[in-house]
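**Student:** Pasting a structure below so you can have a look.
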Number of protein chains: 2
Amino acid sequence: MKLALAQINPIVGDLEGNTRKIIENIDRAKAAAADLVIFPELAVTGYPPDDLLLKPQFIDDNLTRLKTIAASAKGIAVYLGFVDRQGRKLYNAAAFIIDGKIKTVYRKINLPNYAVFDEKRYFSEGKVPAIVGFRGTKIGFLICEDLWVDSGPYLAEARLGAKIIININASPYHRGKAREREKLVKARAKRTGAHVVYVNMVGGQDELVFDGGSMVASPRGKLIAAAGQYCEELLLVDLAEEAVAPPWQDDEEEIYGALLLGVKDYVRKNGFSDAVIGLSGGIDSALTLAIAVDALGKERVHAVFMPSDYTARRSYDDAKEVAGRLGVKMDVLPIKEPLKRMLGELRPLFKGEAENLAEENLQARIRGNYLMALSNKFGWLVLTTGNKSEMSTGYCTLYGDMAGGYAALKDVPKTLVYRLVDWRNAEREVIPGSIIDRPPTAELKPNQRDQDTLPEYELLDRIVDEYVEKNRSIDEIIKLGLPRETVIKVVRMIDRAEYKRRQAPPGPRITARAFGKDWRLPITNHYKEKVK
Amino acid sequence: MKLALAQINPIVGDLEGNTRKIIENIDRAKAAAADLVIFPELAVTGYPPDDLLLKPQFIDDNLTRLKTIAASAKGIAVYLGFVDRQGRKLYNAAAFIIDGKIKTVYRKINLPNYAVFDEKRYFSEGKVPAIVGFRGTKIGFLICEDLWVDSGPYLAEARLGAKIIININASPYHRGKAREREKLVKARAKRTGAHVVYVNMVGGQDELVFDGGSMVASPRGKLIAAAGQYCEELLLVDLAEEAVAPPWQDDEEEIYGALLLGVKDYVRKNGFSDAVIGLSGGIDSALTLAIAVDALGKERVHAVFMPSDYTARRSYDDAKEVAGRLGVKMDVLPIKEPLKRMLGELRPLFKGEAENLAEENLQARIRGNYLMALSNKFGWLVLTTGNKSEMSTGYCTLYGDMAGGYAALKDVPKTLVYRLVDWRNAEREVIPGSIIDRPPTAELKPNQRDQDTLPEYELLDRIVDEYVEKNRSIDEIIKLGLPRETVIKVVRMIDRAEYKRRQAPPGPRITARAFGKDWRLPITNHYKEKVK
């Protein structure tokens, strides 16, 4: 049997565009003599449609599209995801279509409702496994989570004689996810003695990045076909094929790919053509610029440098250098005069008060104003440049450096910023050594350094990883050998910064727990862990 | 039997403070010779604890507190909500304690996972109704949703002989909710032939306001006791009592009360002492000022007026007047000079471009900067002044008038703003007629009026209500007799403004569907309803 794995990049809500893309892929699969073409979970609507699912009209429209797709699929079989409805209940479902007719509809049995997933908000659970005989072989059908759950319906389907088990997915990326999936798919194939076909979506959707990496494992648990990451692909697979090597990218390359696709698709799918970035001469904005240029092309990326009295000459030189190396024009917009005027107006009210955060944040906010003015004037998307270490501790200015539409490094801790820069520099040094070597500074007051306020980034990022991503308690983190006072201080900073995160732009998720759908803490929150 | 309904205002995560408050109320109930004192759902943790529930340490700490509470409850019975755990499963649970011993634990059977609720993210479902004999009477236990579900466990409990059914709640306010609850409680009492005791929480928690209104209905379906709205209360009820009149407030009064408590508790629970408001001379900021003064007292409220060249003299006079009538000092911070400087710096980049939103938004953003500078300097909370009509259509400036910690009118449509002002003015006119009579304007360009961009507010708010709150399709709204082109235009505006709402501060929910937990639309979203 010849299968076509259609790893497509749908757009949430674009029923017309997604349908067109699906039909094109059906036609291509047919032309390639495939027996069966397979599309991702909720391919018709895109994933996750969120509260669009509460609109009856949206469900109607998606059902109409399914009919159009089915009718177009003459002379081939299709398995694809859509939203099914029965009475008032909705199902995360998939249709198996043979020669233009819907032969069976499978309804997802296991609905994830944790981390970034809210499927129980919308869907009812399917109850029955599905098996269909096709060209002399029994095929079992699944959707995403159904394959992960230990005693999932794949077991029943194998018992009923399925020799091919097809699982369609909208599985978002985080570090190492492709390898986790490969392990699972191979294990399930071995356990069931069936070919397991895993089709994933690709593309960026707000904070989620679907990385693709569709694959097929043989009944012996060998990988026999795999699609690339971050690309659309129609992967043709003959089930008799030999084992292949897993094509997954390495850590930095894979993460960089996720950031790239996140930025690219946010820009494209939201109808922007260009992006603008405030360059500070620091490493975060330099990396953001590189990502933007790689995602959009240098002609569509704009840079501004916004110096104050505290800005070192070196900052200008470094910013100019990185812009130059990436082929981006850099404009200069000084903040000195507006800052002076605003502080002048505020003087009577500030009388007798010492300088504090107010003066620092005002500088960042004037920069935010400039960037948004450019955005409003030219329709450019503002890419913010803050990293996860800052987003965790609140070491960032609301409406200042946080102002913008998409935060490329929101889920990238500072230490990983350095590693990504090294990786990006490997072939050709685009980010100058001078930027990499310089101690991080916000330059909001004289001789300021990040480490005046924050612990060393190696330590900080370790604590963020343990507390945020691994969800450990303070006591547990201290037991790992990390310094007690620093752990407590950092955790308190993280807890207190919730109000800032609530107003932050989205950014691509690359860890197992990003600040977004999988981090839902109250702002009003008096919980203080007891520390032994 | 004498019951004490402890309608308390816990703080999410404040296990120590909540425990203290619970024990104080137990002692007061005992002193008043009550047999049984009843606390709200999740009284120990506050509601909703959100992802705090994912912290094992938090669950441990809550269980420790439960023991402390139980031990303190000698000589009285207590029913109260906490988080129970068995193995790796969590339960939204309540303990029935008699004379210091936990007699039984009831686990919520029906877990709401719609609108603002996400209980299936955290909790497993209880399976069994609970009945306990106490002082010769059988008592049945419930938690919140269990009473609402048509074939809920109250039926089984009544069949098992329960003569008192106790339901504890964390039921958030929206317009008319108290009356809905009363209807339900009476109907359930009649249906079961039992006394139904309904205990609700009170207090603001980010976007949710719990309005209290605890009550008891007799087996004949009469209301025999009711606590006030928006206040803590220990309501003592003798089950032999006569019918009472429902004490619920009228629409405007009730809504105003919710806004007041929302603001008051956000300020208090987040450790602020004072709030600052930008007065424009318009009706939204005037109402916000009145709410703030009523919530915090005039000494703790600060007003600034931030004129530009487009600001009419009348705006100043009106702002000054309302501040004066409310006893608030108003400072003036002109934006002219900083605006001039910023536009001056931007001139080379803007060369050849027509004026557009960029110049307008910049003015709003300089105002946002001023307010945040005052916040950073003095630790004041910035209250934003935008209303739901603006938040719906995106007629507001991100990082400009949207900049702040809490948005008092976020869920209040403009037409309701007027009604609330009339209500607030009834006893004494605090908001001058001149403000009420003036056509709304953002004053961001010469002779600007809201209605240059938006349809009349009566029509706009009707469309917002139908589309947002009632979740109707465009076709359905047009069928109601509303003008086709305007409906389509407004719906498109609402859809497009999602990115702004995602970065907006929280504000109190007063309608059945606010922009917050119960509005989860993707930013990247190409769905366009087919219109007939």
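For the structure tokens, the naming scheme is as follows: chains receive sequential letters (A, B, ...) according to their order of presentation, residues are indexed from 1 within each chain, and ligands are indexed from 1 in presentation order.
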At a cut-off of 12 Å, using only C-alpha atoms, what residues contact Gly152 of chain A? Leave out same-chain residues fewer than 5 positions from it and give the result as a list of chain:residue names.

**Tutor:**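 Near Gly152 of chain A, the qualifying residues are A:Lys108, A:Ile109, A:Asn110, A:Leu111, A:Lys127, A:Val128, A:Pro129, A:Phe141, A:Leu142, A:Ile143, A:Cys144, A:Glu145, A:Asp146, A:Leu147, A:Glu157, A:Ala158, A:Asn167, A:Arg188, A:Thr192.
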
**Student:** The selected residues should be written to file as a PDB file, in the first residue's frame (atoms: N, CA and C atoms).

**Tutor:**
ATOM      1  N   LYS A 108     -12.227  11.316  18.549  1.00  0.00           N
ATOM      2  CA  LYS A 108     -11.121  11.226  19.502  1.00  0.00           C
ATOM      3  C   LYS A 108     -11.646  10.796  20.869  1.00  0.00           C
ATOM      4  N   ILE A 109     -11.000   9.816  21.430  1.00  0.00           N
ATOM      5  CA  ILE A 109     -11.461   9.241  22.701  1.00  0.00           C
ATOM      6  C   ILE A 109     -10.793   9.947  23.888  1.00  0.00           C
ATOM      7  N   ASN A 110      -9.513  10.244  23.768  1.00  0.00           N
ATOM      8  CA  ASN A 110      -8.770  10.868  24.872  1.00  0.00           C
ATOM      9  C   ASN A 110      -8.547  12.352  24.592  1.00  0.00           C
ATOM     10  N   LEU A 111      -9.200  13.187  25.377  1.00  0.00           N
ATOM     11  CA  LEU A 111      -9.140  14.636  25.143  1.00  0.00           C
ATOM     12  C   LEU A 111      -8.166  15.284  26.122  1.00  0.00           C
ATOM     13  N   LYS A 127     -16.268   7.255  21.944  1.00  0.00           N
ATOM     14  CA  LYS A 127     -16.344   6.058  22.794  1.00  0.00           C
ATOM     15  C   LYS A 127     -15.790   4.808  22.122  1.00  0.00           C
ATOM     16  N   VAL A 128     -15.752   4.842  20.790  1.00  0.00           N
ATOM     17  CA  VAL A 128     -15.432   3.579  20.121  1.00  0.00           C
ATOM     18  C   VAL A 128     -14.237   3.672  19.177  1.00  0.00           C
ATOM     19  N   PRO A 129     -13.355   2.665  19.264  1.00  0.00           N
ATOM     20  CA  PRO A 129     -12.264   2.553  18.293  1.00  0.00           C
ATOM     21  C   PRO A 129     -12.862   2.358  16.900  1.00  0.00           C
ATOM     22  N   PHE A 141      -7.925   3.665  13.296  1.00  0.00           N
ATOM     23  CA  PHE A 141      -7.821   5.132  13.275  1.00  0.00           C
ATOM     24  C   PHE A 141      -7.687   5.711  14.683  1.00  0.00           C
ATOM     25  N   LEU A 142      -6.878   6.754  14.781  1.00  0.00           N
ATOM     26  CA  LEU A 142      -6.664   7.434  16.059  1.00  0.00           C
ATOM     27  C   LEU A 142      -6.524   8.921  15.811  1.00  0.00           C
ATOM     28  N   ILE A 143      -6.669   9.694  16.888  1.00  0.00           N
ATOM     29  CA  ILE A 143      -6.323  11.115  16.852  1.00  0.00           C
ATOM     30  C   ILE A 143      -5.424  11.420  18.048  1.00  0.00           C
ATOM     31  N   CYS A 144      -4.227  11.879  17.752  1.00  0.00           N
ATOM     32  CA  CYS A 144      -3.260  12.463  18.690  1.00  0.00           C
ATOM     33  C   CYS A 144      -3.167  11.738  20.040  1.00  0.00           C
ATOM     34  N   GLU A 145      -3.716  12.332  21.088  1.00  0.00           N
ATOM     35  CA  GLU A 145      -3.625  11.801  22.451  1.00  0.00           C
ATOM     36  C   GLU A 145      -3.955  10.309  22.552  1.00  0.00           C
ATOM     37  N   ASP A 146      -4.801   9.824  21.671  1.00  0.00           N
ATOM     38  CA  ASP A 146      -5.201   8.414  21.699  1.00  0.00           C
ATOM     39  C   ASP A 146      -4.003   7.468  21.626  1.00  0.00           C
ATOM     40  N   LEU A 147      -2.923   7.932  21.010  1.00  0.00           N
ATOM     41  CA  LEU A 147      -1.738   7.074  20.897  1.00  0.00           C
ATOM     42  C   LEU A 147      -0.876   7.149  22.154  1.00  0.00           C
ATOM     43  N   GLU A 157      -7.803  -1.681  18.679  1.00  0.00           N
ATOM     44  CA  GLU A 157      -7.740  -1.745  17.216  1.00  0.00           C
ATOM     45  C   GLU A 157      -6.793  -2.851  16.754  1.00  0.00           C
ATOM     46  N   ALA A 158      -5.678  -2.994  17.469  1.00  0.00           N
ATOM     47  CA  ALA A 158      -4.736  -4.065  17.117  1.00  0.00           C
ATOM     48  C   ALA A 158      -5.397  -5.423  17.353  1.00  0.00           C
ATOM     49  N   ASN A 167      -2.478   7.692  13.034  1.00  0.00           N
ATOM     50  CA  ASN A 167      -2.688   8.677  14.087  1.00  0.00           C
ATOM     51  C   ASN A 167      -2.420  10.065  13.531  1.00  0.00           C
ATOM     52  N   ARG A 188       4.750   1.862  20.067  1.00  0.00           N
ATOM     53  CA  ARG A 188       3.366   1.453  19.773  1.00  0.00           C
ATOM     54  C   ARG A 188       3.321   0.481  18.600  1.00  0.00           C
ATOM     55  N   THR A 192       1.866  -3.278  18.991  1.00  0.00           N
ATOM     56  CA  THR A 192       0.659  -3.687  18.269  1.00  0.00           C
ATOM     57  C   THR A 192       0.974  -4.602  17.088  1.00  0.00           C
TER      58      THR A 192
END

**Student:** Hey, what does DSSP flag as helix (DSSP H, G or I) within segment 171-412 of chain A? Can you give it to me as a count of residues only?

**Tutor:** 109

**Student:** Which chain B residues are at most 7 Å from chain A (counting only C-alpha atoms), as number ranges by chain?

**Tutor:** B: 11-14, 49-52, 55, 57, 113-114, 120-121, 205-206, 269-270, 333, 337-338, 341-342, 345-346, 356-358, 362, 365, 369, 373, 376-377, 399, 471, 473, 502-505, 519-527

**Student:** What gap, in Å, lies between atom CA of Ala194 of chain B and atom CA of Asn9 of chain B?

**Tutor:** 27.7 Å

**Student:** Write out as a short mmCIF file (atom, residue, chain, number, x, y, z; two decimals) with C-alpha atoms, in the first residue's frame each polymer residue whose atoms come within 10 Å of Glu233 of chain B, counting only C-alpha atoms; drop sequence neighbours fewer than 4 positions from it.

**Tutor:**
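Below is the file out-v7.cif, written as the result:
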data_model
loop_
_atom_site.label_atom_id
_atom_site.label_comp_id
_atom_site.auth_asym_id
_atom_site.auth_seq_id
_atom_site.Cartn_x
_atom_site.Cartn_y
_atom_site.Cartn_z
CA ALA B 4 -24.34 29.93 60.43
CA LEU B 5 -23.62 30.82 56.79
CA ALA B 6 -20.09 32.21 56.74
CA GLN B 7 -19.97 34.36 53.62
CA ILE B 8 -16.27 35.18 53.69
CA ASN B 9 -13.79 36.93 51.41
CA ASN B 25 -15.87 32.72 62.03
CA VAL B 202 -17.61 37.23 48.39
CA GLY B 212 -22.15 36.74 48.08
CA GLY B 213 -25.92 36.64 48.39
CA SER B 214 -25.92 33.41 50.41
CA ALA B 227 -27.15 37.55 53.16
CA GLY B 228 -26.26 40.84 51.52
CA GLN B 229 -24.27 41.26 48.34
#

**Student:** Go through segment 98-289 of chain B and collect every residue that DSSP, computed from the backbone, puts in strand (DSSP E); the answer should be as a VMD selection string.

**Tutor:** chain B and resid 98 101 to 107 130 to 134 137 to 143 164 to 168 195 to 199 202 to 205 208 to 211 215 to 217 223 to 226 233 to 238 275 to 279

**Student:** How many Å lie between atom CA of Lys298 of chain B and atom CA of Leu381 of chain B, rounded to one decimal?

**Tutor:**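 These two atoms are separated by 14.4 Å.
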
**Student:** Identify, on the basis of only C-alpha atoms, every residue whose closest approach to Met330 of chain B does not exceed 9 Å; exclude the query and any residue fewer than 5 positions from it along the same chain; express the result as a list in words.

**Tutor:** Leu279, His302, Ala303, Val304, Phe305, Ala319, Lys320, Ala323 and Gly324 of chain B

**Student:** Got time to write the residues from that selection, C-alpha atoms, as a compact mmCIF listing (two decimals), in the first residue's frame?

**Tutor:**
# COMPACT_ATOMS: atom_id res chain seq x y z
CA LEU B 279 -9.00 62.35 33.62
CA HIS B 302 -5.07 60.77 42.45
CA ALA B 303 -6.09 62.40 39.21
CA VAL B 304 -4.05 63.85 36.38
CA PHE B 305 -5.23 65.79 33.39
CA ALA B 319 -12.31 67.24 34.57
CA LYS B 320 -11.53 69.85 37.21
CA ALA B 323 -12.37 65.96 40.59
CA GLY B 324 -13.46 68.84 42.80
